[in-house]
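Take a look at the structure below.
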Amino acid sequence: MRDTNADPILTAILRLAGPAVLTFWLQNAYHLNDAFFLGRHGSVSANAMGLFMIVMIANFGFILTLARGTQSLVARRFGAGQREGAGLALAQGMSLAVKVLLPLVILEWIFAPDILRFMGGRGEVVVEATRYLRTLFLFMPILYAQPMFDFAFQAMGDTATPFRFGCIAVLVNLVLNTLLVLDEVHLHWVLGGVTLVDWVVPSAGLGVVGAAVATGTSRLVTSVLAFRKLVRRYKLEALTCAASYLPQDRRVAREILRVGVPTGASTFLYAAVAMFMTQVMEEVGGQDAFGAFGIGFRGVESVSFMMVLGFGVATGTVAAHAVGAGDIDRARRSGHVGALAGAAVMCVTATLFLIFPEQLAGLYTTDAAIIAIAATYISTMALCQVPQALEMIYADAMAGAGSSARTALITIPGNIVRIPLAWFFALTLDMGLRGVWYAIVASAVLKGVGVLVLYVSGKWEKAMLHGRRLLDVA
């Protein structure tokens, strides 16, 4: 646990960003495991992944609403030295999450096949994607508790603990995927012409159901460990008190929602837009387009996406601590420093995407048709890396400081415009799937420039000052 106000801004961001990036990479290893094992389970499972991952992104939008708002308030209270208030904010955020997400999960359980067919899924692909979602929904309370705990650690300047727990989770996830997804796993390792390992490990052959059980179980383990540490080491005793989860000061819930709703709505709308765009993908690329998109987005691009998230969390935490301490100028400067550092890193990933698209896609499947489509997605997404860094890191800096509504006014329309652009490029101009990819690039550039202009304008600072005044009366 560390208050970042005593460090230079770049030092503070880099110190937090390193473990945060590693933590997000570990969280993304769930997706990599899914992509690897389901890609080898068959094209139907791989194509199903391309559908159910969009539904899960939509769910994450709801989770992010509560997690981001809670993180911002916990961080500002921590920066102001209000330890008891930080614990109460986390408890209130978790209580709100239960009230919002459980009804949502019930509806999704019932209508999962209809949602997937609306997205363009057909036949066995819909059946497999439904099996995955309904199995994973059994773990849904854990799936929203785990990111809430991770964000709470990060809000208090501790990005190392989520990383350590992430290591445990990924190991559990990998072992369970190995034992549950395929019919058998062949471990073959040759060194210098000598076979060191040649084992055939029997597996349950559960396919998508096995992948869902592996993900849910591994997150259950880390959620229990995180709760225990928050209570025992960080003394957030409010988490063990039932009264902390009951409605108390309405200002707490309002502040969590004020910051969280715009951020979560942007993520949810991102997924909702993707549901419409999958219809275009299916029309111009068939069912294999889902598998290629899943591998390109979930298996490859998400690795760089997690790096941006890490820099965003670090920047937002530094900004929040500065606001809590009353250093408004430091909060302003943190966004510029974090965005420049993140954009520099994204230049490297963009280069790799341009040079090695086929090789990166080939890590997850041997299907030549899916590899060819995925490679076009990966190479095109190289153009998105820097704009996405600017959009997300500046947005996280503003959210950490207590301002997110104006950002959403840019990111939500920026996501929605992808739908007409995709139809225009892919169908009207007859560019096929590349037209869909170009629509994503165009919207990413528009959002990155828009959020940059907003940050420089300073029009978001009124909300930041409002959040600071809330601390003064807490």
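A note on labels: chains of the structure tokens are A, B, ... as shown, every chain counts residues from 1, and ligands are counted from 1 in their shown order.
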Write out as a ChimeraX atom specification the residues lying within 9 Å of segment 298-304 of chain A, counting only C-alpha atoms and excluding same-chain residues fewer than 5 positions away. /A:24-25,28-29,31-36,50,53,293,309,345-346,349-350,353,360-361,363-364,378,381-382,385
Residues at most 9 Å from segment 458-465 of chain A, counting only C-alpha atoms, excluding those fewer than 2 positions away in the same chain, as a PyMOL selection string? chain A and resi 323+328+332+398-407+453-456+467-470
Go ahead and write the selection's residues with N, CA and C atoms as a PDB file, in the first residue's frame.
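Resulting contents of result25.pdb:
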```pdb
ATOM      1  N   VAL A 323      -5.702  14.431  -6.147  1.00  0.00           N
ATOM      2  CA  VAL A 323      -6.938  15.126  -5.826  1.00  0.00           C
ATOM      3  C   VAL A 323      -7.254  14.980  -4.343  1.00  0.00           C
ATOM      4  N   ILE A 328      -4.188  19.812  -7.166  1.00  0.00           N
ATOM      5  CA  ILE A 328      -4.932  19.761  -8.422  1.00  0.00           C
ATOM      6  C   ILE A 328      -3.997  19.849  -9.631  1.00  0.00           C
ATOM      7  N   ARG A 332      -3.624  17.227 -12.887  1.00  0.00           N
ATOM      8  CA  ARG A 332      -3.680  17.583 -14.315  1.00  0.00           C
ATOM      9  C   ARG A 332      -2.491  17.010 -15.077  1.00  0.00           C
ATOM     10  N   MET A 398      -8.910  11.182 -15.964  1.00  0.00           N
ATOM     11  CA  MET A 398     -10.072  11.987 -15.598  1.00  0.00           C
ATOM     12  C   MET A 398     -10.997  11.227 -14.652  1.00  0.00           C
ATOM     13  N   ALA A 399     -11.187   9.926 -14.899  1.00  0.00           N
ATOM     14  CA  ALA A 399     -12.050   9.133 -14.022  1.00  0.00           C
ATOM     15  C   ALA A 399     -11.453   9.028 -12.621  1.00  0.00           C
ATOM     16  N   GLY A 400     -10.135   8.835 -12.545  1.00  0.00           N
ATOM     17  CA  GLY A 400      -9.485   8.773 -11.242  1.00  0.00           C
ATOM     18  C   GLY A 400      -9.659  10.062 -10.467  1.00  0.00           C
ATOM     19  N   ALA A 401      -9.628  11.174 -11.181  1.00  0.00           N
ATOM     20  CA  ALA A 401      -9.798  12.480 -10.548  1.00  0.00           C
ATOM     21  C   ALA A 401     -11.249  12.785 -10.213  1.00  0.00           C
ATOM     22  N   GLY A 402     -12.169  11.928 -10.715  1.00  0.00           N
ATOM     23  CA  GLY A 402     -13.585  12.124 -10.395  1.00  0.00           C
ATOM     24  C   GLY A 402     -14.428  12.657 -11.526  1.00  0.00           C
ATOM     25  N   SER A 403     -13.937  12.584 -12.777  1.00  0.00           N
ATOM     26  CA  SER A 403     -14.682  13.107 -13.919  1.00  0.00           C
ATOM     27  C   SER A 403     -14.727  12.069 -15.026  1.00  0.00           C
ATOM     28  N   SER A 404     -15.930  11.672 -15.454  1.00  0.00           N
ATOM     29  CA  SER A 404     -16.030  10.667 -16.518  1.00  0.00           C
ATOM     30  C   SER A 404     -17.171  10.940 -17.496  1.00  0.00           C
ATOM     31  N   ALA A 405     -18.112  11.796 -17.136  1.00  0.00           N
ATOM     32  CA  ALA A 405     -19.290  11.994 -17.982  1.00  0.00           C
ATOM     33  C   ALA A 405     -18.933  12.594 -19.336  1.00  0.00           C
ATOM     34  N   ARG A 406     -18.085  13.617 -19.358  1.00  0.00           N
ATOM     35  CA  ARG A 406     -17.722  14.248 -20.631  1.00  0.00           C
ATOM     36  C   ARG A 406     -16.970  13.276 -21.541  1.00  0.00           C
ATOM     37  N   THR A 407     -16.166  12.408 -20.945  1.00  0.00           N
ATOM     38  CA  THR A 407     -15.456  11.411 -21.742  1.00  0.00           C
ATOM     39  C   THR A 407     -16.444  10.497 -22.456  1.00  0.00           C
ATOM     40  N   VAL A 453      -8.408  16.223 -26.933  1.00  0.00           N
ATOM     41  CA  VAL A 453      -8.871  17.615 -26.975  1.00  0.00           C
ATOM     42  C   VAL A 453      -9.630  17.964 -25.698  1.00  0.00           C
ATOM     43  N   LEU A 454     -10.476  17.057 -25.211  1.00  0.00           N
ATOM     44  CA  LEU A 454     -11.216  17.302 -23.981  1.00  0.00           C
ATOM     45  C   LEU A 454     -10.263  17.519 -22.809  1.00  0.00           C
ATOM     46  N   TYR A 455      -9.251  16.679 -22.706  1.00  0.00           N
ATOM     47  CA  TYR A 455      -8.332  16.799 -21.564  1.00  0.00           C
ATOM     48  C   TYR A 455      -7.596  18.138 -21.601  1.00  0.00           C
ATOM     49  N   VAL A 456      -7.116  18.497 -22.780  1.00  0.00           N
ATOM     50  CA  VAL A 456      -6.362  19.745 -22.905  1.00  0.00           C
ATOM     51  C   VAL A 456      -7.252  20.958 -22.634  1.00  0.00           C
ATOM     52  N   GLY A 467     -15.732  16.347  -6.880  1.00  0.00           N
ATOM     53  CA  GLY A 467     -15.309  15.166  -6.144  1.00  0.00           C
ATOM     54  C   GLY A 467     -14.434  15.504  -4.956  1.00  0.00           C
ATOM     55  N   ARG A 468     -13.602  16.523  -5.115  1.00  0.00           N
ATOM     56  CA  ARG A 468     -12.740  16.965  -4.003  1.00  0.00           C
ATOM     57  C   ARG A 468     -13.582  17.530  -2.859  1.00  0.00           C
ATOM     58  N   ARG A 469     -14.616  18.293  -3.170  1.00  0.00           N
ATOM     59  CA  ARG A 469     -15.469  18.865  -2.127  1.00  0.00           C
ATOM     60  C   ARG A 469     -16.217  17.765  -1.371  1.00  0.00           C
ATOM     61  N   LEU A 470     -16.557  16.664  -2.069  1.00  0.00           N
ATOM     62  CA  LEU A 470     -17.234  15.548  -1.397  1.00  0.00           C
ATOM     63  C   LEU A 470     -16.360  14.975  -0.300  1.00  0.00           C
TER      64      LEU A 470
END
```
Return the single residue from A:Ser223, A:Thr240, A:Thr23, A:Gln71 that is closest to Val259 of chain A, with distances computed using only C-alpha atoms. A:Gln71
Closest-contact table, segment 269-336 of chain A side, partner segment 417-423 of chain A, 7 Å, counting only C-alpha atoms, as CSV:
```
residue,atom,partner,partner_atom,distance
A:Val273,CA,A:Ile419,CA,6.6
A:Phe276,CA,A:Ile419,CA,6.8
A:Met277,CA,A:Ile419,CA,6.1
A:Val280,CA,A:Trp423,CA,6.7
```
Write the residues you've just listed into a file as a JSON list (two decimals), in the first residue's frame, and include C-alpha atoms for each of them.
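Result file part_23.json:
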```
[["chain", "number", "residue", "atom", "x", "y", "z"],
["A", 273, "VAL", "CA", -21.93, -2.13, -31.11],
["A", 276, "PHE", "CA", -24.34, -5.41, -34.50],
["A", 277, "MET", "CA", -21.00, -5.54, -36.28],
["A", 280, "VAL", "CA", -21.77, -7.63, -40.94]]
```
Could you list, as a VMD selection string, every residue within 6 Å of segment 442-452 of chain A, counting only C-alpha atoms and ignoring same-chain residues fewer than 2 positions away? chain A and resid 387 to 388 390 to 391 411 414 439 to 440 454 to 455
Measuring between only C-alpha atoms, which one of A:Leu383, A:Leu269, A:Thr376, A:Ala86 shows the shortest distance to Val348 of chain A? A:Leu383
Taking the backbone alone, and naming residues the way the document does, which bits of segment 244-361 of chain A are alpha helix (DSSP H) by DSSP, as a PyMOL selection string? chain A and resi 250-285+288-294+302-325+328-355+357-361
Shortest contact to Ala89 of chain A, candidates A:Leu239, A:Ile115, A:Ala129, A:Ala272, atoms counted only C-alpha atoms, goes to A:Leu239
Would you mind listing what lies within 8 Å of Cys167 of chain A as number ranges by chain, with only C-alpha atoms counted and same-chain residues fewer than 4 positions away left out? A: 26, 163, 171
Residues from last step as file, N, CA and C atoms, as an mmCIF file, in the first residue's frame:
```
data_model
loop_
_atom_site.group_PDB
_atom_site.id
_atom_site.type_symbol
_atom_site.label_atom_id
_atom_site.label_comp_id
_atom_site.auth_asym_id
_atom_site.auth_seq_id
_atom_site.Cartn_x
_atom_site.Cartn_y
_atom_site.Cartn_z
ATOM 1 N N LEU A 26 -1.991 -11.275 -16.814
ATOM 2 C CA LEU A 26 -2.390 -12.530 -16.185
ATOM 3 C C LEU A 26 -3.893 -12.737 -16.315
ATOM 4 N N PHE A 163 -1.203 -8.801 -8.870
ATOM 5 C CA PHE A 163 -0.329 -9.588 -9.736
ATOM 6 C C PHE A 163 -0.039 -10.957 -9.127
ATOM 7 N N LEU A 171 -2.437 -20.143 -13.018
ATOM 8 C CA LEU A 171 -1.961 -21.518 -12.853
ATOM 9 C C LEU A 171 -3.137 -22.464 -12.661
#
```
Of the residues A:Ala226, A:Leu104, A:Ala214, A:Leu429, which is the one nearest to Ala145 of chain A, using only C-alpha atoms? A:Ala226
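Among A:Lys235, A:Arg131, A:His41, A:Arg219, the residue with the shortest atom-to-atom distance to Leu182 of chain A, counting only C-alpha atoms, is A:His41.
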Counting only C-alpha atoms, what is within 7 Å of Gly69 of chain A, bar same-chain residues fewer than 6 positions away, as number ranges by chain? A: 256-257, 259-260
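Atom to atom, atom CA of Gly61 of chain A and atom CA of Pro247 of chain A stand 23.2 Å apart.
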